[in-house]
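K.L.:
One file: coords_20.txt (compact mmCIF, C-alpha atoms).
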```txt
# COMPACT_ATOMS: atom_id res chain seq x y z
CA MET J 1 142.42 110.74 114.21
CA SER J 2 140.00 108.05 115.41
CA LEU J 3 138.66 105.44 113.02
CA PRO J 4 135.02 104.44 112.55
CA ASN J 5 134.01 101.57 114.83
CA PHE J 6 134.28 97.93 113.77
CA SER J 7 130.75 97.62 112.37
CA GLU J 8 131.03 100.92 110.51
CA MET J 9 134.28 99.88 108.85
CA LEU J 10 133.01 96.43 107.92
CA GLY J 11 129.73 97.91 106.71
CA ALA J 12 131.60 100.30 104.41
CA LEU J 13 133.68 97.45 103.00
CA VAL J 14 130.64 95.22 102.43
CA GLN J 15 128.79 98.05 100.70
CA THR J 16 131.68 98.38 98.27
CA PRO J 17 131.47 95.55 95.71
CA SER J 18 134.78 93.91 94.81
CA VAL J 19 133.71 90.66 93.14
CA SER J 20 136.50 88.72 91.48
CA ASN J 21 135.24 86.42 88.75
CA LEU J 22 136.56 84.95 85.51
CA SER J 23 133.36 86.18 83.84
CA ARG J 24 133.70 89.80 82.72
CA GLU J 25 130.01 90.34 83.42
CA LEU J 26 130.47 89.54 87.11
CA ASP J 27 134.02 90.78 87.71
CA CYS J 28 134.61 94.28 89.07
CA SER J 29 137.46 96.45 90.32
CA ASN J 30 138.64 96.41 93.93
CA ARG J 31 139.91 99.98 93.71
CA ALA J 32 137.28 101.49 96.01
CA VAL J 33 138.01 98.92 98.74
CA VAL J 34 141.74 99.58 98.52
CA GLU J 35 141.13 103.34 98.73
CA LEU J 36 138.99 102.90 101.85
CA LEU J 37 141.71 100.86 103.53
CA ALA J 38 144.37 103.36 102.44
CA THR J 39 142.41 106.24 104.00
CA TRP J 40 142.05 104.47 107.34
CA LEU J 41 145.69 103.35 107.41
CA GLU J 42 146.92 106.84 106.49
CA ASP J 43 144.95 108.14 109.48
CA LEU J 44 147.02 105.71 111.58
CA ASP J 45 150.28 107.13 110.17
CA PHE J 46 151.06 104.20 107.90
CA ASP J 47 153.08 104.83 104.75
CA ILE J 48 150.92 103.77 101.81
CA SER J 49 151.89 102.16 98.52
CA ILE J 50 149.20 101.20 95.99
CA GLN J 51 150.16 98.90 93.12
CA THR J 52 148.27 98.84 89.85
CA LEU J 53 148.09 95.33 88.41
CA PRO J 54 148.72 94.76 84.68
CA ASN J 55 145.00 94.74 83.82
CA GLU J 56 144.80 98.27 85.33
CA SER J 57 141.50 97.62 87.11
CA LYS J 58 142.86 95.71 90.11
CA PHE J 59 145.09 96.97 92.90
CA ASN J 60 147.27 95.84 95.79
CA LEU J 61 147.91 97.88 98.92
CA VAL J 62 151.08 97.72 101.00
CA ALA J 63 151.07 99.86 104.17
CA ARG J 64 154.00 100.12 106.58
CA LYS J 65 154.49 101.69 109.98
CA GLY J 66 157.91 101.73 111.59
CA LYS J 67 161.45 101.60 110.27
CA GLY J 68 163.90 98.87 109.39
CA ARG J 69 163.48 95.24 108.46
CA GLY J 70 161.73 92.36 110.17
CA GLY J 71 158.49 92.73 112.06
CA LEU J 72 155.09 91.27 111.24
CA LEU J 73 152.96 91.38 108.09
CA LEU J 74 149.17 91.09 108.37
CA SER J 75 147.61 90.07 105.07
CA GLY J 76 144.17 89.76 103.54
CA HIS J 77 142.50 89.79 100.14
CA THR J 78 140.05 92.52 99.17
CA ASP J 79 137.91 90.56 96.71
CA THR J 80 134.86 88.37 97.22
CA VAL J 81 133.16 85.71 95.17
CA ALA J 82 129.92 86.47 93.37
CA CYS J 83 126.64 85.70 95.12
CA ASN J 84 123.04 84.74 94.41
CA ALA J 85 121.46 87.81 95.98
CA ASP J 86 117.93 86.50 95.48
CA GLN J 87 118.68 83.57 97.80
CA TRP J 88 119.87 85.74 100.71
CA THR J 89 117.46 86.65 103.48
CA SER J 90 118.94 90.17 103.49
CA ASP J 91 120.85 92.38 101.05
CA PRO J 92 124.35 90.86 100.74
CA PHE J 93 125.80 94.35 100.22
CA GLU J 94 124.32 95.77 103.43
CA LEU J 95 125.77 94.72 106.77
CA LYS J 96 123.17 93.12 109.03
CA SER J 97 123.73 92.43 112.73
CA SER J 98 121.83 89.68 114.56
CA ASP J 99 122.61 87.60 117.66
CA GLY J 100 126.30 88.51 117.71
CA LYS J 101 126.76 87.78 114.01
CA LEU J 102 127.46 90.21 111.19
CA TYR J 103 125.92 89.16 107.86
CA GLY J 104 127.04 90.30 104.43
CA LEU J 105 129.05 89.27 101.39
CA GLY J 106 132.71 88.98 102.39
CA THR J 107 132.18 89.43 106.12
CA CYS J 108 133.87 86.10 106.79
CA ASP J 109 135.96 85.68 103.61
CA MET J 110 137.60 87.96 104.26
CA LYS J 111 136.78 91.66 104.54
CA GLY J 112 136.16 91.19 108.25
CA PHE J 113 139.88 90.70 108.87
CA PHE J 114 140.67 94.31 107.99
CA PRO J 115 138.59 96.02 110.72
CA THR J 116 139.79 93.26 113.06
CA ILE J 117 143.38 94.43 112.68
CA LEU J 118 142.60 98.13 112.21
CA GLU J 119 141.04 98.30 115.68
CA ILE J 120 144.30 96.90 117.08
CA LEU J 121 146.55 99.12 115.01
CA GLU J 122 144.65 102.23 116.05
CA HIS J 123 146.31 101.90 119.46
CA THR J 124 149.91 101.29 118.31
CA SER J 125 152.52 104.00 118.74
CA ALA J 126 155.30 104.35 116.18
CA THR J 127 157.68 105.52 118.92
CA LYS J 128 157.38 102.19 120.72
CA LEU J 129 157.95 100.02 117.66
CA THR J 130 161.18 98.02 117.50
CA ALA J 131 160.31 96.55 114.08
CA PRO J 132 157.76 97.57 111.42
CA ILE J 133 154.16 96.50 111.03
CA THR J 134 153.08 95.84 107.44
CA VAL J 135 149.51 95.50 106.19
CA LEU J 136 148.97 93.84 102.83
CA ALA J 137 145.69 93.88 100.90
CA THR J 138 145.61 91.97 97.62
CA ALA J 139 143.43 91.57 94.54
CA ASP J 140 141.88 88.54 92.83
CA GLU J 141 142.63 85.89 95.44
CA GLU J 142 139.31 84.24 94.59
CA THR J 143 140.29 83.63 90.95
CA ASP J 144 143.87 83.55 89.69
CA MET J 145 145.65 85.17 92.67
CA ALA J 146 146.89 87.90 90.34
CA GLY J 147 147.60 90.24 93.25
CA ALA J 148 149.89 87.79 95.05
CA ARG J 149 151.62 86.83 91.78
CA HIS J 150 152.23 90.49 91.00
CA LEU J 151 153.91 90.96 94.39
CA LEU J 152 156.53 88.35 93.52
CA ASP J 153 157.72 90.50 90.61
CA THR J 154 157.32 93.99 92.04
CA GLU J 155 157.54 94.15 95.82
CA VAL J 156 160.19 93.37 98.43
CA LEU J 157 158.46 92.41 101.67
CA THR J 158 161.00 92.57 104.47
CA ALA J 159 158.86 91.31 107.35
CA GLU J 160 160.13 88.39 109.40
CA ALA J 161 156.73 86.70 109.63
CA ALA J 162 153.27 86.87 108.07
CA ILE J 163 149.75 86.04 109.21
CA ILE J 164 147.10 85.64 106.52
CA GLY J 165 143.72 86.27 108.12
CA GLU J 166 141.59 83.75 106.24
CA PRO J 167 138.73 82.23 108.26
CA THR J 168 140.26 79.29 110.13
CA SER J 169 137.99 79.26 113.19
CA LEU J 170 140.96 80.67 115.15
CA GLU J 171 143.10 77.62 114.43
CA THR J 172 146.63 78.00 113.11
CA VAL J 173 147.09 76.54 109.63
CA THR J 174 150.60 75.59 108.52
CA ALA J 175 149.78 73.55 105.41
CA HIS J 176 147.18 73.38 102.67
CA LYS J 177 146.71 71.74 99.32
CA GLY J 178 147.56 73.26 95.95
CA ILE J 179 145.11 73.54 93.08
CA PHE J 180 144.81 73.71 89.34
CA THR J 181 141.76 73.73 87.11
CA MET J 182 141.61 72.47 83.56
CA LYS J 183 139.28 72.63 80.57
CA ILE J 184 139.33 69.54 78.34
CA SER J 185 137.58 69.71 74.96
CA THR J 186 136.92 67.16 72.24
CA ARG J 187 135.92 68.08 68.68
CA GLY J 188 133.97 65.64 66.53
CA LYS J 189 131.81 66.03 63.44
CA SER J 190 128.06 66.59 63.48
CA ALA J 191 125.63 64.60 61.34
CA HIS J 192 122.09 63.26 61.45
CA SER J 193 121.72 60.76 64.26
CA SER J 194 120.05 58.25 61.92
CA ASN J 195 123.43 57.51 60.31
CA PRO J 196 126.31 57.51 62.83
CA ASN J 197 128.78 56.65 60.05
CA LEU J 198 128.52 60.21 58.72
CA GLY J 199 129.72 61.84 61.94
CA VAL J 200 132.20 61.60 64.80
CA ASN J 201 130.63 61.80 68.25
CA ALA J 202 132.62 64.09 70.54
CA LEU J 203 130.69 62.87 73.56
CA GLU J 204 131.79 59.28 72.95
CA GLY J 205 135.38 60.54 72.82
CA MET J 206 134.82 62.38 76.08
CA HIS J 207 133.54 59.14 77.61
CA GLN J 208 136.96 57.59 77.02
CA ILE J 209 138.67 60.68 78.41
CA LEU J 210 136.55 60.43 81.56
CA SER J 211 137.69 56.85 82.06
CA ALA J 212 141.31 57.88 81.59
CA LEU J 213 140.91 60.71 84.11
CA LEU J 214 139.46 58.40 86.74
CA ASP J 215 142.36 55.98 86.22
CA TYR J 216 144.82 58.86 86.55
CA ARG J 217 143.07 60.03 89.72
CA ASP J 218 143.39 56.53 91.21
CA ALA J 219 147.09 56.46 90.28
CA LEU J 220 147.71 59.80 92.04
CA ARG J 221 145.90 58.50 95.10
CA GLU J 222 148.19 55.47 95.18
CA ARG J 223 151.38 57.51 94.69
CA TYR J 224 150.86 60.30 97.23
CA HIS J 225 149.71 60.35 100.85
CA ASP J 226 149.83 62.86 103.70
CA HIS J 227 147.95 61.78 106.80
CA ALA J 228 148.13 65.28 108.29
CA PHE J 229 145.13 66.04 106.04
CA ASP J 230 141.55 64.89 106.61
CA ILE J 231 141.56 63.79 102.95
CA PRO J 232 145.09 62.35 102.91
CA TYR J 233 145.49 62.07 99.14
CA PRO J 234 145.30 64.35 96.09
CA THR J 235 141.81 64.80 94.67
CA MET J 236 140.31 65.37 91.24
CA ASN J 237 136.78 66.66 90.80
CA LEU J 238 134.92 66.26 87.50
CA GLY J 239 133.00 69.46 87.93
CA CYS J 240 131.12 70.44 84.79
CA LEU J 241 130.34 68.82 81.42
CA HIS J 242 128.76 70.49 78.38
CA ALA J 243 128.18 68.59 75.16
CA GLY J 244 126.07 68.72 72.01
CA ASP J 245 122.85 70.57 71.35
CA SER J 246 120.21 68.07 70.24
CA ALA J 247 119.14 64.48 70.76
CA ASN J 248 118.90 63.78 67.03
CA ARG J 249 122.26 65.26 66.03
CA ILE J 250 125.64 63.62 66.49
CA CYS J 251 127.53 65.57 69.15
CA ASN J 252 130.01 67.95 67.54
CA ASN J 253 131.89 69.07 70.67
CA ALA J 254 132.18 68.35 74.37
CA GLU J 255 133.83 70.33 77.16
CA LEU J 256 134.77 69.17 80.66
CA LEU J 257 136.00 71.27 83.60
CA ILE J 258 138.02 69.60 86.34
CA ASP J 259 139.60 70.69 89.62
CA CYS J 260 142.71 68.99 91.07
CA ARG J 261 144.06 69.45 94.60
CA THR J 262 147.70 68.53 95.22
CA LEU J 263 149.48 67.69 98.47
CA PRO J 264 152.61 69.33 99.89
CA GLY J 265 155.57 67.60 98.29
CA MET J 266 153.82 67.58 94.93
CA SER J 267 154.04 70.29 92.28
CA SER J 268 150.75 71.54 90.86
CA VAL J 269 152.62 72.73 87.75
CA GLU J 270 154.25 69.35 87.15
CA VAL J 271 151.07 67.36 87.73
CA ALA J 272 149.12 69.62 85.38
CA GLU J 273 151.76 69.23 82.66
CA GLU J 274 151.90 65.45 83.14
CA LEU J 275 148.13 65.21 82.88
CA LYS J 276 148.03 67.40 79.78
CA ILE J 277 150.61 65.22 78.01
CA HIS J 278 148.69 62.09 78.98
CA LEU J 279 145.38 63.42 77.66
CA VAL J 280 146.78 64.66 74.35
CA SER J 281 148.34 61.23 73.80
CA LEU J 282 144.81 59.78 73.67
CA GLU J 283 143.95 61.60 70.42
CA SER J 284 144.88 58.68 68.16
CA LYS J 285 142.98 56.26 70.37
CA ILE J 286 139.70 58.17 70.31
CA GLY J 287 140.10 59.46 66.76
CA MET J 288 139.54 63.17 67.35
CA PRO J 289 141.44 66.25 68.57
CA ILE J 290 141.73 66.90 72.31
CA ASP J 291 142.33 70.45 73.53
CA VAL J 292 143.63 70.96 77.07
CA GLU J 293 143.72 74.41 78.67
CA LEU J 294 144.51 75.51 82.22
CA GLY J 295 141.77 77.60 83.80
CA MET J 296 144.34 79.67 85.70
CA PRO J 297 148.02 79.32 86.57
CA PRO J 298 148.44 76.45 89.04
CA ILE J 299 148.77 77.25 92.74
CA GLU J 300 151.36 75.24 94.61
CA PRO J 301 150.68 73.51 97.93
CA PHE J 302 151.71 75.28 101.12
CA SER J 303 153.70 73.74 103.94
CA ALA J 304 155.29 75.78 106.71
CA ASN J 305 157.71 74.62 109.36
CA SER J 306 155.50 73.57 112.26
CA ASP J 307 158.50 74.14 114.56
CA SER J 308 159.13 77.71 113.40
CA LYS J 309 159.09 80.63 115.81
CA LEU J 310 155.67 81.80 114.60
CA SER J 311 154.08 78.35 114.57
CA LYS J 312 155.22 77.62 118.11
CA LEU J 313 154.10 81.04 119.31
CA MET J 314 150.64 80.53 117.83
CA GLU J 315 150.32 77.13 119.48
CA GLN J 316 151.27 78.70 122.81
CA LEU J 317 148.83 81.59 122.44
CA THR J 318 145.86 79.59 121.15
CA GLY J 319 146.38 76.40 123.15
CA ARG J 320 145.85 74.40 119.94
CA THR J 321 148.23 72.43 117.75
CA VAL J 322 148.73 73.59 114.19
CA LYS J 323 146.55 72.02 111.50
CA THR J 324 146.08 71.55 107.77
CA VAL J 325 143.20 72.54 105.50
CA ALA J 326 142.10 71.62 102.00
CA PHE J 327 141.33 75.13 100.72
CA GLY J 328 143.99 77.34 99.14
CA THR J 329 145.39 80.72 100.21
CA GLU J 330 148.11 83.19 99.22
CA ALA J 331 150.50 81.59 101.73
CA PRO J 332 152.74 79.90 99.10
CA PHE J 333 153.47 83.30 97.55
CA LEU J 334 154.43 84.99 100.83
CA GLN J 335 156.51 81.98 101.78
CA ARG J 336 158.41 82.26 98.48
CA MET J 337 159.27 85.83 99.49
CA GLY J 338 161.05 84.49 102.57
CA LEU J 339 158.40 85.14 105.22
CA ASP J 340 157.64 82.69 108.03
CA THR J 341 153.96 82.33 107.11
CA ILE J 342 150.86 80.90 108.77
CA VAL J 343 147.11 81.27 108.19
CA PHE J 344 144.94 82.36 111.13
CA GLY J 345 141.76 84.34 111.34
CA PRO J 346 138.23 84.71 112.72
CA GLY J 347 135.27 83.03 111.09
CA SER J 348 134.65 79.56 109.70
CA ILE J 349 135.46 78.47 106.16
CA ASP J 350 132.04 76.76 106.28
CA GLN J 351 130.53 80.24 106.00
CA ALA J 352 132.68 81.29 103.07
CA HIS J 353 131.03 81.43 99.62
CA GLN J 354 127.67 80.68 101.21
CA VAL J 355 124.25 82.31 101.19
CA ASP J 356 123.86 84.49 104.32
CA GLU J 357 127.59 84.55 104.98
CA TYR J 358 128.39 85.84 108.47
CA LEU J 359 131.19 86.59 110.91
CA SER J 360 130.81 85.98 114.66
CA LEU J 361 131.88 88.91 116.81
CA ASP J 362 133.10 86.65 119.62
CA GLN J 363 135.69 85.18 117.24
CA VAL J 364 136.77 88.69 116.25
CA ARG J 365 137.51 89.63 119.86
CA THR J 366 139.46 86.42 120.49
CA ALA J 367 141.45 86.92 117.28
CA GLN J 368 142.30 90.46 118.35
CA ASP J 369 143.56 89.29 121.73
CA THR J 370 145.85 86.78 120.02
CA LEU J 371 147.12 89.19 117.35
CA VAL J 372 147.98 91.85 119.93
CA ARG J 373 150.25 89.37 121.67
CA VAL J 374 151.90 88.35 118.38
CA LEU J 375 152.55 92.01 117.56
CA ASP J 376 154.12 92.44 121.00
CA VAL J 377 156.62 89.67 120.20
CA TYR J 378 157.55 90.79 116.69
CA CYS J 379 157.18 94.56 116.70
CA PHE J 380 157.40 95.98 120.23
```
Could I get this structure in the form of structure tokens?

P.N.:
Amino acid sequence: MSLPNFSEMLGALVQTPSVSNLSRELDCSNRAVVELLATWLEDLDFDISIQTLPNESKFNLVARKGKGRGGLLLSGHTDTVACNADQWTSDPFELKSSDGKLYGLGTCDMKGFFPTILEILEHTSATKLTAPITVLATADEETDMAGARHLLDTEVLTAEAAIIGEPTSLETVTAHKGIFTMKISTRGKSAHSSNPNLGVNALEGMHQILSALLDYRDALRERYHDHAFDIPYPTMNLGCLHAGDSANRICNNAELLIDCRTLPGMSSVEVAEELKIHLVSLESKIGMPIDVELGMPPIEPFSANSDSKLSKLMEQLTGRTVKTVAFGTEAPFLQRMGLDTIVFGPGSIDQAHQVDEYLSLDQVRTAQDTLVRVLDVYCF
């Protein structure tokens, strides 16, 4: 059975909301997207397995064609970030084509990868396969990577190698930074601002915490370097601060959100724990409680072997050396499952999470040419 064409498949995926967000008001299930992909892959004679995640509203899809172990896994996430629809020049949930670009929420990051590979897979014959092709579609990559984490506990992926189709502008990525986010809260005591002695100002305590965080950030920068990255040191962003409610009332509470990016060779888990211990130790100094809470489980940095079979093959096929990026992917999770993993896909990360997100069709065609040749090596 023939599939819809590329634009029809991508249009159907874009029309199907699958926003992943820590806010319940914005978050929604990815079930309909997974079911669309399952239907198309079943039409191509793939064996389908759909996993229900613990929250029962999110789903992973694992589809296999061919027998035995080894072969190639092609992986993407089904969720998107939220968007400010009123700022778009067109409906973000309706695919728009203009000047060789396809506009819509998730076109670049990364629903566009699925029709990219489905067009290729439509022309593969199971009788000619020497090793299986696996397609993986995950949930909640944009938040806590719950789909990839669930795979570690529930699924045995037997592929030899994996390509994650994040938008890399057709460059092969073999390393990226890890990440953890943290909420830091101070609790004071409110009182009338005319008599500071009657209260404890949480914002003044947060001021001292901010200074300690900047010192800690400088210490990390001195301790760790990796010149393969454009920003060759770990980073910490002081992203959001909320405090108090009135100018004439002593601030009762303050809350800070931070984002930390770790380098390969570091452990996001260990750095987060070290920072938490350091912050809590400041309670006696500032004279008020400090609460520290991770925003999501930390994601470890990713570093593949740049001399591996897959890395060398991608360099040969693309004519470009492998590179590093600062953004995170599900690569650390696939790597932990024993797969030789790289990140490679059409589209630019500069378009991801942006108003009027788009995917260039010329990059799609080039990506397809490259992926066909990789499949030839691993599966035929």

K.L.:
Show me the residues close to (159.8, 98.1, 92.0) - anything with an atom within 12 Å, counting only C-alpha atoms - and format the list as number ranges by chain.

P.N.:
J: 49-52, 150-157

K.L.:
Mind writing the picked residues with C-alpha atoms as a PDB file, in the coordinates of the input?

P.N.:
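So again.pdb came out as:
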```pdb
ATOM      1  CA  SER J  49     151.890 102.160  98.520  1.00  0.00           C
ATOM      2  CA  ILE J  50     149.200 101.200  95.990  1.00  0.00           C
ATOM      3  CA  GLN J  51     150.160  98.900  93.120  1.00  0.00           C
ATOM      4  CA  THR J  52     148.270  98.840  89.850  1.00  0.00           C
ATOM      5  CA  HIS J 150     152.230  90.490  91.000  1.00  0.00           C
ATOM      6  CA  LEU J 151     153.910  90.960  94.390  1.00  0.00           C
ATOM      7  CA  LEU J 152     156.530  88.350  93.520  1.00  0.00           C
ATOM      8  CA  ASP J 153     157.720  90.500  90.610  1.00  0.00           C
ATOM      9  CA  THR J 154     157.320  93.990  92.040  1.00  0.00           C
ATOM     10  CA  GLU J 155     157.540  94.150  95.820  1.00  0.00           C
ATOM     11  CA  VAL J 156     160.190  93.370  98.430  1.00  0.00           C
ATOM     12  CA  LEU J 157     158.460  92.410 101.670  1.00  0.00           C
TER      13      LEU J 157
END
```

K.L.:
Return the single residue from J:Met314, J:Ala82, J:Leu213, J:Ile286 that is closest to Ala367 in chain J, with distances computed using only C-alpha atoms.

P.N.:
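Of J:Met314, J:Ala82, J:Leu213, J:Ile286, the one nearest Ala367 in chain J, counting only C-alpha atoms, is J:Met314.
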
K.L.:
Considering only C-alpha atoms, can you say which of J:Ile133, J:Val200, J:Ala139, J:Ile231 comes closest to Arg31 in chain J?

P.N.:
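Answer, going by the shortest atom-to-atom distance: J:Ala139.
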
K.L.:
Do a neighbour search on Thr158 in chain J at 9 Å with all atoms listed in the file, toss out local chain neighbours closer than 6 positions, and write the hits as JSON, numbers by chain.

P.N.:
{"J": [68, 69, 70, 71, 73, 337, 338, 339]}

K.L.:
Extending 6 Å beyond the listed atoms of range 94-101 of chain J on each side, what axis-aligned box results? I want centre and edge lengths in Å to one decimal, as AutoDock Vina command-line options.

P.N.:
```
--center_x 124.3 --center_y 91.7 --center_z 110.6 --size_x 16.9 --size_y 20.2 --size_z 26.3
```

K.L.:
Taking all atoms listed in the file into account, name the residue in J:Val34, J:Met288, J:Leu214, J:Leu41 that is nearest to Thr124 in chain J.

P.N.:
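Using all atoms listed in the file, Thr124 in chain J sits closest to J:Leu41.
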
K.L.:
Would you list the contacts of Ala32 in chain J as a VMD selection string, taking every protein, DNA or RNA residue within 9 Å and counting all atoms listed in the file, but skipping same-chain residues closer than 3 positions in sequence?

P.N.:
chain J and resid 13 16 to 18 29 35 to 37

K.L.:
Tell me, as a PyMOL selection string, which residues lie within 9 Å of Val374 in chain J, counting only C-alpha atoms; anything in the same chain fewer than 3 positions away does not count.

P.N.:
chain J and resi 72+310+313-314+317+370-371+377-379

K.L.:
So which one's closest to Asp43 in chain J, J:Gln87, J:Asn197, J:Ser2, J:Ser7? Using all atoms listed in the file, please.

P.N.:
J:Ser2

K.L.:
Within 10 Å of (128.2, 90.5, 116.4) in the file's own coordinates, which protein, DNA or RNA residues have an atom, counting all atoms listed in the file? List them as a PyMOL selection string.

P.N.:
chain J and resi 6-7+96-103+358-365

K.L.:
Take the residues that were just selected and, keeping C-alpha atoms, output them as a PDB file, keeping the file's coordinate frame.

P.N.:
```pdb
ATOM      1  CA  PHE J   6     134.280  97.930 113.770  1.00  0.00           C
ATOM      2  CA  SER J   7     130.750  97.620 112.370  1.00  0.00           C
ATOM      3  CA  LYS J  96     123.170  93.120 109.030  1.00  0.00           C
ATOM      4  CA  SER J  97     123.730  92.430 112.730  1.00  0.00           C
ATOM      5  CA  SER J  98     121.830  89.680 114.560  1.00  0.00           C
ATOM      6  CA  ASP J  99     122.610  87.600 117.660  1.00  0.00           C
ATOM      7  CA  GLY J 100     126.300  88.510 117.710  1.00  0.00           C
ATOM      8  CA  LYS J 101     126.760  87.780 114.010  1.00  0.00           C
ATOM      9  CA  LEU J 102     127.460  90.210 111.190  1.00  0.00           C
ATOM     10  CA  TYR J 103     125.920  89.160 107.860  1.00  0.00           C
ATOM     11  CA  TYR J 358     128.390  85.840 108.470  1.00  0.00           C
ATOM     12  CA  LEU J 359     131.190  86.590 110.910  1.00  0.00           C
ATOM     13  CA  SER J 360     130.810  85.980 114.660  1.00  0.00           C
ATOM     14  CA  LEU J 361     131.880  88.910 116.810  1.00  0.00           C
ATOM     15  CA  ASP J 362     133.100  86.650 119.620  1.00  0.00           C
ATOM     16  CA  GLN J 363     135.690  85.180 117.240  1.00  0.00           C
ATOM     17  CA  VAL J 364     136.770  88.690 116.250  1.00  0.00           C
ATOM     18  CA  ARG J 365     137.510  89.630 119.860  1.00  0.00           C
TER      19      ARG J 365
END
```

K.L.:
Report the distance between CA of Glu255 in chain J and CA of Gln208 in chain J in Å, rounded to one decimal place.

P.N.:
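Separating CA of Glu255 in chain J from CA of Gln208 in chain J is a distance of 13.1 Å.
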
K.L.:
Using all atoms listed in the file, pick whichever of J:His77, J:Ala159, J:Gln316, J:His192 has the shortest atom-to-atom distance to Asp340 in chain J.

P.N.:
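Of the candidates, the smallest distance to Asp340 in chain J is held by J:Ala159.
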
K.L.:
Rounded to one decimal in Å, what is the spacing between CA of His225 in chain J and CA of Ser169 in chain J?

P.N.:
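About the pair CA of His225 in chain J and CA of Ser169 in chain J: they are 25.4 Å apart.
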
K.L.:
To one decimal place, how far is CA of Phe302 in chain J from CA of Ala175 in chain J in Å?

P.N.:
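Computing it gives 5.0 Å between the two atoms.
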
K.L.:
Between J:Gly112, J:Gly188, J:Pro54, J:Gly347, which has the minimum distance to Ala12 in chain J (counting all atoms listed in the file)?

P.N.:
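The answer is J:Gly112, which sits nearest to Ala12 in chain J.
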
K.L.:
Applying 12 Å and all atoms listed in the file, which residues near Thr80 in chain J remain after dropping the ones on its own chain fewer than 2 positions away? List them as a compact mmCIF listing (two decimals) with C-alpha atoms, keeping the file's coordinate frame.

P.N.:
```txt
# COMPACT_ATOMS: atom_id res chain seq x y z
CA LEU J 13 133.68 97.45 103.00
CA VAL J 14 130.64 95.22 102.43
CA GLN J 15 128.79 98.05 100.70
CA THR J 16 131.68 98.38 98.27
CA PRO J 17 131.47 95.55 95.71
CA SER J 18 134.78 93.91 94.81
CA VAL J 19 133.71 90.66 93.14
CA SER J 20 136.50 88.72 91.48
CA ASN J 21 135.24 86.42 88.75
CA LEU J 26 130.47 89.54 87.11
CA ASP J 27 134.02 90.78 87.71
CA CYS J 28 134.61 94.28 89.07
CA SER J 29 137.46 96.45 90.32
CA ASN J 30 138.64 96.41 93.93
CA VAL J 33 138.01 98.92 98.74
CA GLY J 76 144.17 89.76 103.54
CA HIS J 77 142.50 89.79 100.14
CA THR J 78 140.05 92.52 99.17
CA ALA J 82 129.92 86.47 93.37
CA CYS J 83 126.64 85.70 95.12
CA PRO J 92 124.35 90.86 100.74
CA PHE J 93 125.80 94.35 100.22
CA GLY J 104 127.04 90.30 104.43
CA LEU J 105 129.05 89.27 101.39
CA GLY J 106 132.71 88.98 102.39
CA THR J 107 132.18 89.43 106.12
CA CYS J 108 133.87 86.10 106.79
CA ASP J 109 135.96 85.68 103.61
CA MET J 110 137.60 87.96 104.26
CA LYS J 111 136.78 91.66 104.54
CA GLY J 112 136.16 91.19 108.25
CA THR J 138 145.61 91.97 97.62
CA ALA J 139 143.43 91.57 94.54
CA ASP J 140 141.88 88.54 92.83
CA GLU J 141 142.63 85.89 95.44
CA GLU J 142 139.31 84.24 94.59
CA THR J 143 140.29 83.63 90.95
CA ALA J 352 132.68 81.29 103.07
CA HIS J 353 131.03 81.43 99.62
CA GLN J 354 127.67 80.68 101.21
CA GLU J 357 127.59 84.55 104.98
```

K.L.:
Give me the residues near Leu118 in chain J as a PyMOL selection string, where near means some atom within 10 Å (using all atoms listed in the file) and where sequence neighbours in that chain fewer than 6 positions away do not count.

P.N.:
chain J and resi 3-6+9+37+40-41+44+135+368
